[in-house]
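S.K.: One structure coming up, written as structure tokens, with questions to follow.
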Amino acid sequence: MKIFIKSIILAALISLSSVNAVYAEEPKVAAFGAVLMDAETGRVLWGKNEHDPLAMASTTKIMTAVLALESGRMDETATVSKKAAAAPKVKMFLSPGENVRLGDLMLALMLESSNDAAVAIAEHLSGSVEAFCAEMTNKAREIGALNTVFETPNGLDAGDHHSTPYDLAVITRYALSVPGFIELTNTRHANFRSDRRGYSFNNRNRLLNEYNGANGVKTGFTNKAGHCFVGAAKRDEMQLISVVLASGWGEQGKAQKWVDTKAVLNHGFDNFEFVTVLEASTIAGQIPVTRSRTPAMEFAFTETVRIPLGTHEKDNVNVEIYVPQAYQAPIKQGDLLGSARVFIGTQVYQEIPLTATADAARHDLKTSIEKVLNAYFSLISEGEVDIILPE
């Protein structure tokens with residue numbers, strides 16, 4: 001039978017400023033769906049219809065870029081097909097048979113959202129748009145974006161092509177860890193040549209110029225999706241991801257997506273900070289030990305837990321410790337003795353193992369006899385004891 005000890009986190013485990021609970025006002029956004037996520041932990045800090053399936057327009061190209069970067073084929077040359085050249089605006093106006101370096105197509109993809117570049121990339125990497133989109137969907141599943149289906153590599157409305165604000169944040173969180181992604185999305189201007197002509201592109205992400213710490217990511221618009229934007233910004237140790245889908249249509253919606261994005265990011269930076277809740281190797285308690293000369297064994301947390309917390313949440317964090325009533329020897333240092341659950345309010349945030357900090361040898365009649373016999377026969381084998389047989 002197990003017992004549990006519920007303890008409000010004390011100063012020995014966590015350093016929190018003594019504040020009265022302050023409930024921050026939620027950001028007011030016009031977007032139908034939105035989410036704010038901490039990139040380090042993946043914790044959702046705020047959301048609005050964040051799990052609703054929605055059209056996501058060219059924010060799709062975040063996943064297109066991820067697959068392309070992970071292919072490691074940036075220096076290969078892609079030959080443009082008639083299908084790629086026929087993609088609708090926004091486009092770089094590629095022509096059939098034109099040869100373009102894949103890394104250059106990526107600049108057109110992410111800086112100016114070129115739809116023909118997306119098709120050319122997909123066909124070059126996977127042989128067809130359909131095969132590439134299947135890989136995009138599979139990749140989304142692998143990284144935890146379970147409510148996303150890709151049917152185009154550029155985000156144009158088609159079939160069941162959709163995602164959710166939460167899934168796009170998950171995809172972006174992953175993308176930020178892919179080598180070359182942040183550098184790509186932060187490129188302000190690019191010039192390059194194909195085998196036919198030169199190209200020049202400027203980054204359309206206004207957030208890079210208008211928001212302190214901005215480092216991504218991608219705009220989007222279709223008639224179905226409305227104006228969308230996936231943003232990212234880093235200040236000090238906190239990297240935040242914002243998603244706004246369907247911020248509006250027309251010129252008003254085009255401007256509103258920037259207003260929405262800044263409101264969401266401001267909510268994060270103004271109201272959340274990292275708090276170290278548990279330190280790895282900190283003693284969490286002790287447990288009685290039976291059949292041993294060691295009466296009790298200390299156990300420790302195995303991981304450091306850092307959580308981005310709002311000022312209104314800091315008084316609602318606690319740890320529950322689950323261990324048996326006693327543990328029977330032998331115990332080795334590092335043996336699993338129980339678990340600790342970190343709660344924010346009533347929600348479990350994380351569960352971590354509790355392990356023994358030292359050894360506890362077994363000591364009872366049986367083991368005592370075994371020790372004596374083992375010692376005796378060891379002396380015999382080493383010639384330290386003479387065996388006298390009866391005459």
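Going by the structure tokens order, chains are called A, B, ..., each with residues numbered from 1, while ligands are numbered from 1 in the order shown.
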Mind listing the strand (DSSP E) residues of region 55-99 of chain A, per DSSP on the backbone, as an NGL selection string?

M.R.: :A and (77-79 or 99)

S.K.: Among region 66-282 of chain A, which ones does DSSP assign to alpha helix (DSSP H) (computed from the backbone)? Answer as an MDAnalysis selection string.

M.R.: chainID A and resid 66:71 82:85 102:111 115:126 129:142 165:175 181:185 207:210 250:271

S.K.: Between A:Glu151, A:Glu320, A:Glu76, A:Asp260, which is the closest to Gly231 (chain A) once you count only C-alpha atoms?

M.R.: A:Asp260

S.K.: Excluding Leu107 (chain A) and any residue of its chain fewer than 3 positions from it, enumerate the residues within 10 Å of it, using only C-alpha atoms, and give them as a compact mmCIF listing (two decimals) with all heavy atoms, in the first residue's frame.

M.R.:
```
# COMPACT_ATOMS: atom_id res chain seq x y z
N ALA A 65 9.22 24.14 -45.01
CA ALA A 65 10.61 24.52 -44.75
C ALA A 65 11.30 23.50 -43.85
O ALA A 65 12.48 23.18 -44.05
CB ALA A 65 10.66 25.90 -44.11
N LEU A 102 17.93 24.71 -54.54
CA LEU A 102 16.88 24.49 -53.56
C LEU A 102 16.95 25.50 -52.41
O LEU A 102 15.92 26.02 -51.95
CB LEU A 102 16.97 23.06 -53.00
CG LEU A 102 15.75 22.59 -52.21
CD1 LEU A 102 14.54 22.43 -53.11
CD2 LEU A 102 16.05 21.28 -51.49
N GLY A 103 18.15 25.82 -51.96
CA GLY A 103 18.31 26.79 -50.88
C GLY A 103 17.79 28.16 -51.27
O GLY A 103 17.29 28.92 -50.42
N ASP A 104 17.87 28.51 -52.55
CA ASP A 104 17.34 29.80 -53.02
C ASP A 104 15.82 29.77 -53.08
O ASP A 104 15.15 30.77 -52.76
CB ASP A 104 17.93 30.13 -54.39
CG ASP A 104 19.42 30.42 -54.34
OD1 ASP A 104 19.89 30.82 -53.25
OD2 ASP A 104 20.10 30.25 -55.35
N MET A 110 9.99 31.52 -47.80
CA MET A 110 9.77 32.06 -46.47
C MET A 110 9.80 33.58 -46.39
O MET A 110 9.22 34.16 -45.48
CB MET A 110 10.80 31.47 -45.50
CG MET A 110 10.66 29.96 -45.32
SD MET A 110 9.01 29.42 -44.79
CE MET A 110 9.04 29.89 -43.05
N LEU A 111 10.49 34.24 -47.32
CA LEU A 111 10.54 35.69 -47.27
C LEU A 111 9.31 36.31 -47.93
O LEU A 111 8.74 37.26 -47.42
CB LEU A 111 11.81 36.21 -47.95
CG LEU A 111 13.05 36.37 -47.05
CD1 LEU A 111 13.49 35.03 -46.48
CD2 LEU A 111 14.19 37.02 -47.81
N GLU A 112 8.92 35.78 -49.10
CA GLU A 112 7.80 36.38 -49.83
C GLU A 112 6.64 35.42 -50.04
O GLU A 112 5.69 35.74 -50.74
CB GLU A 112 8.29 36.94 -51.16
CG GLU A 112 9.17 38.17 -51.00
CD GLU A 112 8.86 39.26 -52.00
OE1 GLU A 112 8.01 39.03 -52.89
OE2 GLU A 112 9.45 40.34 -51.89
N SER A 113 6.75 34.20 -49.46
CA SER A 113 5.64 33.25 -49.48
C SER A 113 5.28 32.78 -50.88
O SER A 113 4.11 32.62 -51.22
CB SER A 113 4.41 33.86 -48.80
OG SER A 113 3.52 32.86 -48.39
N SER A 114 6.28 32.51 -51.69
CA SER A 114 6.05 32.14 -53.10
C SER A 114 5.44 30.75 -53.21
O SER A 114 6.03 29.75 -52.79
CB SER A 114 7.37 32.18 -53.87
OG SER A 114 7.90 33.49 -53.85
N ALA A 117 7.39 28.35 -55.61
CA ALA A 117 8.57 27.81 -54.96
C ALA A 117 8.20 26.61 -54.10
O ALA A 117 8.94 25.59 -54.07
CB ALA A 117 9.25 28.88 -54.11
N LEU A 184 16.90 31.41 -41.54
CA LEU A 184 16.10 31.58 -42.76
C LEU A 184 14.98 32.60 -42.54
O LEU A 184 14.82 33.53 -43.32
CB LEU A 184 15.52 30.24 -43.18
CG LEU A 184 14.55 30.24 -44.37
CD1 LEU A 184 15.26 30.68 -45.65
CD2 LEU A 184 13.93 28.85 -44.56
N THR A 185 14.22 32.43 -41.46
CA THR A 185 13.07 33.30 -41.24
C THR A 185 13.46 34.71 -40.81
O THR A 185 12.63 35.62 -40.86
CB THR A 185 12.11 32.70 -40.19
OG1 THR A 185 12.81 32.51 -38.96
CG2 THR A 185 11.57 31.36 -40.67
N THR A 187 16.12 36.28 -42.24
CA THR A 187 16.79 36.94 -43.37
C THR A 187 15.92 38.10 -43.85
O THR A 187 14.74 37.92 -44.16
CB THR A 187 17.01 35.94 -44.52
OG1 THR A 187 17.82 34.84 -44.04
CG2 THR A 187 17.69 36.60 -45.70
N ARG A 188 16.48 39.28 -43.89
CA ARG A 188 15.69 40.46 -44.25
C ARG A 188 15.59 40.67 -45.76
O ARG A 188 14.58 41.15 -46.26
CB ARG A 188 16.30 41.71 -43.60
CG ARG A 188 16.45 41.65 -42.08
CD ARG A 188 15.13 41.35 -41.39
NE ARG A 188 15.27 41.29 -39.94
CZ ARG A 188 15.04 42.31 -39.13
NH1 ARG A 188 14.65 43.47 -39.61
NH2 ARG A 188 15.18 42.17 -37.82
N HIS A 189 16.66 40.32 -46.47
CA HIS A 189 16.68 40.57 -47.92
C HIS A 189 17.55 39.51 -48.59
O HIS A 189 18.54 39.06 -48.00
CB HIS A 189 17.24 41.97 -48.21
CG HIS A 189 17.25 42.33 -49.65
ND1 HIS A 189 16.11 42.76 -50.31
CD2 HIS A 189 18.24 42.32 -50.58
CE1 HIS A 189 16.41 43.00 -51.57
NE2 HIS A 189 17.69 42.75 -51.76
N ALA A 190 17.17 39.09 -49.78
CA ALA A 190 17.94 38.06 -50.48
C ALA A 190 17.97 38.34 -51.97
O ALA A 190 16.95 38.73 -52.57
CB ALA A 190 17.35 36.69 -50.22
N ASN A 191 19.13 38.12 -52.59
CA ASN A 191 19.31 38.17 -54.04
C ASN A 191 19.94 36.86 -54.50
O ASN A 191 20.86 36.35 -53.84
CB ASN A 191 20.24 39.32 -54.45
CG ASN A 191 19.66 40.68 -54.10
OD1 ASN A 191 18.55 41.02 -54.51
ND2 ASN A 191 20.41 41.46 -53.34
N PHE A 192 19.45 36.31 -55.60
CA PHE A 192 20.08 35.11 -56.17
C PHE A 192 19.69 35.00 -57.65
O PHE A 192 18.80 35.72 -58.12
CB PHE A 192 19.68 33.85 -55.40
CG PHE A 192 18.20 33.57 -55.37
CD1 PHE A 192 17.58 32.88 -56.39
CD2 PHE A 192 17.42 34.00 -54.30
CE1 PHE A 192 16.23 32.60 -56.36
CE2 PHE A 192 16.06 33.74 -54.26
CZ PHE A 192 15.46 33.04 -55.29
N SER A 200 15.07 39.02 -56.45
CA SER A 200 15.33 39.83 -55.27
C SER A 200 14.08 39.80 -54.39
O SER A 200 12.97 40.03 -54.88
CB SER A 200 15.64 41.27 -55.67
OG SER A 200 15.89 42.07 -54.53
N PHE A 201 14.28 39.50 -53.10
CA PHE A 201 13.14 39.36 -52.19
C PHE A 201 13.38 40.10 -50.89
O PHE A 201 14.50 40.15 -50.38
CB PHE A 201 12.87 37.88 -51.88
CG PHE A 201 12.47 37.08 -53.07
CD1 PHE A 201 13.36 36.17 -53.63
CD2 PHE A 201 11.22 37.23 -53.63
CE1 PHE A 201 12.99 35.43 -54.74
CE2 PHE A 201 10.84 36.49 -54.74
CZ PHE A 201 11.73 35.59 -55.29
N ASN A 202 12.30 40.66 -50.34
CA ASN A 202 12.31 41.28 -49.02
C ASN A 202 11.39 40.49 -48.09
O ASN A 202 10.34 39.99 -48.52
CB ASN A 202 11.84 42.73 -49.09
CG ASN A 202 12.80 43.61 -49.85
OD1 ASN A 202 14.00 43.60 -49.58
ND2 ASN A 202 12.27 44.36 -50.82
N ASN A 203 11.79 40.37 -46.85
CA ASN A 203 11.00 39.64 -45.88
C ASN A 203 9.71 40.41 -45.56
O ASN A 203 9.75 41.58 -45.19
CB ASN A 203 11.81 39.42 -44.60
CG ASN A 203 11.24 38.31 -43.73
OD1 ASN A 203 10.04 38.18 -43.59
ND2 ASN A 203 12.13 37.52 -43.14
```

S.K.: Have a look at CA of Ile121 (chain A) and CA of Ala68 (chain A) and let me know their distance in Å, one decimal.

M.R.: 7.4 Å

S.K.: What's around Leu36 (chain A) at 7 Å? Count only C-alpha atoms, leave out sequence neighbours fewer than 3 positions away in its own chain, and write the answer as a list of chain:residue names.

M.R.: A:Val44, A:Leu45, A:Trp46, A:Gly47, A:Ile241, A:Ser242, A:Val243, A:Val264

S.K.: Just N, CA, C and O atoms for this one: save the residues we selected as a PDB file, in the first residue's frame.

M.R.:
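File part-v2.pdb, as written:
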```pdb
ATOM      1  N   VAL A  44       1.176  25.706 -22.890  1.00  0.00           N
ATOM      2  CA  VAL A  44       0.253  26.715 -23.413  1.00  0.00           C
ATOM      3  C   VAL A  44      -0.032  27.715 -22.302  1.00  0.00           C
ATOM      4  O   VAL A  44      -0.529  27.361 -21.232  1.00  0.00           O
ATOM      5  N   LEU A  45       0.271  28.979 -22.550  1.00  0.00           N
ATOM      6  CA  LEU A  45       0.088  30.022 -21.552  1.00  0.00           C
ATOM      7  C   LEU A  45      -1.264  30.720 -21.686  1.00  0.00           C
ATOM      8  O   LEU A  45      -1.740  31.332 -20.730  1.00  0.00           O
ATOM      9  N   TRP A  46      -1.825  30.643 -22.873  1.00  0.00           N
ATOM     10  CA  TRP A  46      -3.144  31.239 -23.120  1.00  0.00           C
ATOM     11  C   TRP A  46      -3.666  30.710 -24.444  1.00  0.00           C
ATOM     12  O   TRP A  46      -2.878  30.362 -25.343  1.00  0.00           O
ATOM     13  N   GLY A  47      -4.966  30.610 -24.569  1.00  0.00           N
ATOM     14  CA  GLY A  47      -5.528  30.148 -25.828  1.00  0.00           C
ATOM     15  C   GLY A  47      -6.953  30.610 -26.042  1.00  0.00           C
ATOM     16  O   GLY A  47      -7.673  30.936 -25.095  1.00  0.00           O
ATOM     17  N   ILE A 241       5.921  31.672 -28.631  1.00  0.00           N
ATOM     18  CA  ILE A 241       5.329  31.425 -29.946  1.00  0.00           C
ATOM     19  C   ILE A 241       3.877  31.871 -29.887  1.00  0.00           C
ATOM     20  O   ILE A 241       3.139  31.519 -28.950  1.00  0.00           O
ATOM     21  N   SER A 242       3.463  32.663 -30.869  1.00  0.00           N
ATOM     22  CA  SER A 242       2.068  33.100 -30.956  1.00  0.00           C
ATOM     23  C   SER A 242       1.478  32.626 -32.270  1.00  0.00           C
ATOM     24  O   SER A 242       2.171  32.567 -33.287  1.00  0.00           O
ATOM     25  N   VAL A 243       0.210  32.282 -32.245  1.00  0.00           N
ATOM     26  CA  VAL A 243      -0.514  31.905 -33.470  1.00  0.00           C
ATOM     27  C   VAL A 243      -1.837  32.644 -33.459  1.00  0.00           C
ATOM     28  O   VAL A 243      -2.561  32.610 -32.454  1.00  0.00           O
ATOM     29  N   VAL A 264      -0.937  39.144 -28.044  1.00  0.00           N
ATOM     30  CA  VAL A 264      -0.690  37.804 -27.504  1.00  0.00           C
ATOM     31  C   VAL A 264       0.711  37.713 -26.914  1.00  0.00           C
ATOM     32  O   VAL A 264       0.909  37.226 -25.790  1.00  0.00           O
TER      33      VAL A 264
END
```

S.K.: My list of candidates is A:Ala225, A:Val323, A:Ala360, A:Val244. Which is closest to Thr290 (chain A) when distances are computed with only C-alpha atoms?

M.R.: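 Of A:Ala225, A:Val323, A:Ala360, A:Val244, the one nearest Thr290 (chain A) is A:Ala360, counting only C-alpha atoms.
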
S.K.: CA of Thr302 (chain A) and CA of Ala280 (chain A), how far apart in Å?

M.R.: 5.0 Å

S.K.: Within 10 Å of Lys28 (chain A), counting only C-alpha atoms, which residues show up once you throw out same-chain ones fewer than 2 positions away? Write them as a PyMOL selection string, please.

M.R.: chain A and resi 25-26+30-31+48+259-260+263-264+267

S.K.: Using only all heavy atoms, please write the residues we just selected to a file, as a short mmCIF file (atom, residue, chain, number, x, y, z; two decimals), in the first residue's frame.

M.R.:
```
data_model
loop_
_atom_site.label_atom_id
_atom_site.label_comp_id
_atom_site.auth_asym_id
_atom_site.auth_seq_id
_atom_site.Cartn_x
_atom_site.Cartn_y
_atom_site.Cartn_z
N GLU A 25 -5.30 40.36 -17.15
CA GLU A 25 -6.39 40.44 -18.12
C GLU A 25 -5.98 39.72 -19.39
O GLU A 25 -4.87 39.88 -19.89
CB GLU A 25 -6.71 41.90 -18.42
CG GLU A 25 -7.91 42.08 -19.33
CD GLU A 25 -8.26 43.55 -19.53
OE1 GLU A 25 -7.78 44.37 -18.73
OE2 GLU A 25 -9.00 43.85 -20.48
N GLU A 26 -6.85 38.89 -19.91
CA GLU A 26 -6.54 38.13 -21.12
C GLU A 26 -6.42 39.08 -22.31
O GLU A 26 -7.08 40.12 -22.37
CB GLU A 26 -7.62 37.09 -21.38
CG GLU A 26 -7.65 35.97 -20.37
CD GLU A 26 -8.49 34.79 -20.83
OE1 GLU A 26 -9.10 34.89 -21.91
OE2 GLU A 26 -8.53 33.79 -20.11
N ALA A 30 -8.98 39.77 -32.25
CA ALA A 30 -10.08 39.56 -33.19
C ALA A 30 -10.02 38.17 -33.81
O ALA A 30 -11.03 37.67 -34.33
CB ALA A 30 -10.03 40.62 -34.29
N ALA A 31 -8.85 37.53 -33.80
CA ALA A 31 -8.67 36.22 -34.41
C ALA A 31 -9.67 35.22 -33.87
O ALA A 31 -9.96 35.20 -32.67
CB ALA A 31 -7.24 35.73 -34.17
N LYS A 48 -7.34 30.65 -27.30
CA LYS A 48 -8.71 30.97 -27.71
C LYS A 48 -9.05 30.03 -28.86
O LYS A 48 -8.47 30.12 -29.93
CB LYS A 48 -8.81 32.43 -28.15
CG LYS A 48 -10.18 32.81 -28.73
CD LYS A 48 -10.18 34.25 -29.26
CE LYS A 48 -11.49 34.61 -29.90
NZ LYS A 48 -11.48 35.99 -30.48
N VAL A 259 -1.77 43.42 -34.89
CA VAL A 259 -2.28 43.88 -33.59
C VAL A 259 -2.53 42.69 -32.67
O VAL A 259 -2.14 42.68 -31.50
CB VAL A 259 -3.58 44.69 -33.78
CG1 VAL A 259 -4.18 45.07 -32.43
CG2 VAL A 259 -3.31 45.94 -34.62
N ASP A 260 -3.17 41.66 -33.23
CA ASP A 260 -3.45 40.45 -32.44
C ASP A 260 -2.16 39.79 -31.96
O ASP A 260 -2.05 39.39 -30.79
CB ASP A 260 -4.24 39.45 -33.29
CG ASP A 260 -5.70 39.85 -33.48
OD1 ASP A 260 -6.15 40.80 -32.82
OD2 ASP A 260 -6.38 39.18 -34.28
N ALA A 263 -0.49 41.67 -29.14
CA ALA A 263 -1.26 41.54 -27.90
C ALA A 263 -1.00 40.19 -27.23
O ALA A 263 -0.86 40.11 -26.00
CB ALA A 263 -2.75 41.71 -28.19
N VAL A 264 -0.94 39.14 -28.04
CA VAL A 264 -0.69 37.80 -27.50
C VAL A 264 0.71 37.71 -26.91
O VAL A 264 0.91 37.23 -25.79
CB VAL A 264 -0.90 36.74 -28.60
CG1 VAL A 264 -0.45 35.37 -28.11
CG2 VAL A 264 -2.36 36.68 -29.03
N HIS A 267 1.11 39.67 -23.70
CA HIS A 267 0.51 38.96 -22.56
C HIS A 267 1.52 38.00 -21.94
O HIS A 267 1.61 37.87 -20.71
CB HIS A 267 -0.73 38.19 -23.02
CG HIS A 267 -1.40 37.42 -21.93
ND1 HIS A 267 -2.09 38.02 -20.90
CD2 HIS A 267 -1.48 36.07 -21.69
CE1 HIS A 267 -2.57 37.09 -20.08
NE2 HIS A 267 -2.21 35.92 -20.53
#
```

S.K.: Looking at only C-alpha atoms, which of A:Asp270, A:Asp116, A:Glu50, A:Glu303 is the one that sits closest to Asn154 (chain A)?

M.R.: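 Using only C-alpha atoms, Asn154 (chain A) sits closest to A:Asp116.
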
S.K.: Residues at most 9 Å from region 235-238 of chain A, counting only C-alpha atoms, excluding those fewer than 2 positions away in the same chain, as a PyMOL selection string?

M.R.: chain A and resi 38-40+212-214+233+240+269+273-274+308

S.K.: Keeping only C-alpha atoms, take the residues you just selected and write them out as a PDB file, in the first residue's frame.

M.R.:
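Written out: selection17.pdb:
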```pdb
ATOM      1  CA  ASP A  38       6.367  28.745 -24.319  1.00  0.00           C
ATOM      2  CA  ALA A  39       8.918  27.218 -26.690  1.00  0.00           C
ATOM      3  CA  GLU A  40      11.159  25.668 -24.028  1.00  0.00           C
ATOM      4  CA  ASN A 212      11.402  43.800 -29.603  1.00  0.00           C
ATOM      5  CA  GLY A 213      12.930  40.325 -29.719  1.00  0.00           C
ATOM      6  CA  ALA A 214      10.953  39.107 -32.746  1.00  0.00           C
ATOM      7  CA  ALA A 233       9.914  36.425 -30.078  1.00  0.00           C
ATOM      8  CA  LEU A 240       7.417  32.611 -27.010  1.00  0.00           C
ATOM      9  CA  PHE A 269       6.192  38.716 -21.630  1.00  0.00           C
ATOM     10  CA  GLU A 273       8.345  34.234 -15.857  1.00  0.00           C
ATOM     11  CA  PHE A 274      10.331  31.044 -15.337  1.00  0.00           C
ATOM     12  CA  PRO A 308       6.794  29.518 -16.991  1.00  0.00           C
TER      13      PRO A 308
END
```

S.K.: Calculate how many Å separate CA of Leu337 (chain A) from CA of Thr41 (chain A), rounding to one decimal.

M.R.: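 So the answer is 26.1 Å.
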
S.K.: For Leu67 (chain A), find every residue with an atom within 10 Å (counting only C-alpha atoms), except residues of its own chain fewer than 4 positions away, and show them as a ChimeraX atom specification.

M.R.: /A:61-63,71-72,121-122,125,132,135-136,139,175,178

S.K.: Would you output that residue set with C-alpha atoms, as a JSON list (two decimals), in the first residue's frame?

M.R.:
```json
[["chain", "number", "residue", "atom", "x", "y", "z"],
["A", 61, "LYS", "CA", 5.05, 26.72, -45.35],
["A", 62, "ILE", "CA", 6.62, 26.35, -41.89],
["A", 63, "MET", "CA", 6.35, 22.58, -42.29],
["A", 71, "SER", "CA", 16.59, 16.80, -46.08],
["A", 72, "GLY", "CA", 20.07, 18.35, -46.14],
["A", 121, "ILE", "CA", 10.47, 22.20, -53.50],
["A", 122, "ALA", "CA", 7.84, 19.51, -52.90],
["A", 125, "LEU", "CA", 12.21, 16.39, -52.67],
["A", 132, "PHE", "CA", 5.37, 15.50, -50.08],
["A", 135, "GLU", "CA", 5.28, 13.34, -45.50],
["A", 136, "MET", "CA", 4.25, 16.71, -44.05],
["A", 139, "LYS", "CA", 5.88, 14.63, -39.66],
["A", 175, "ALA", "CA", 10.87, 24.26, -36.40],
["A", 178, "VAL", "CA", 15.82, 22.79, -36.76]]
```
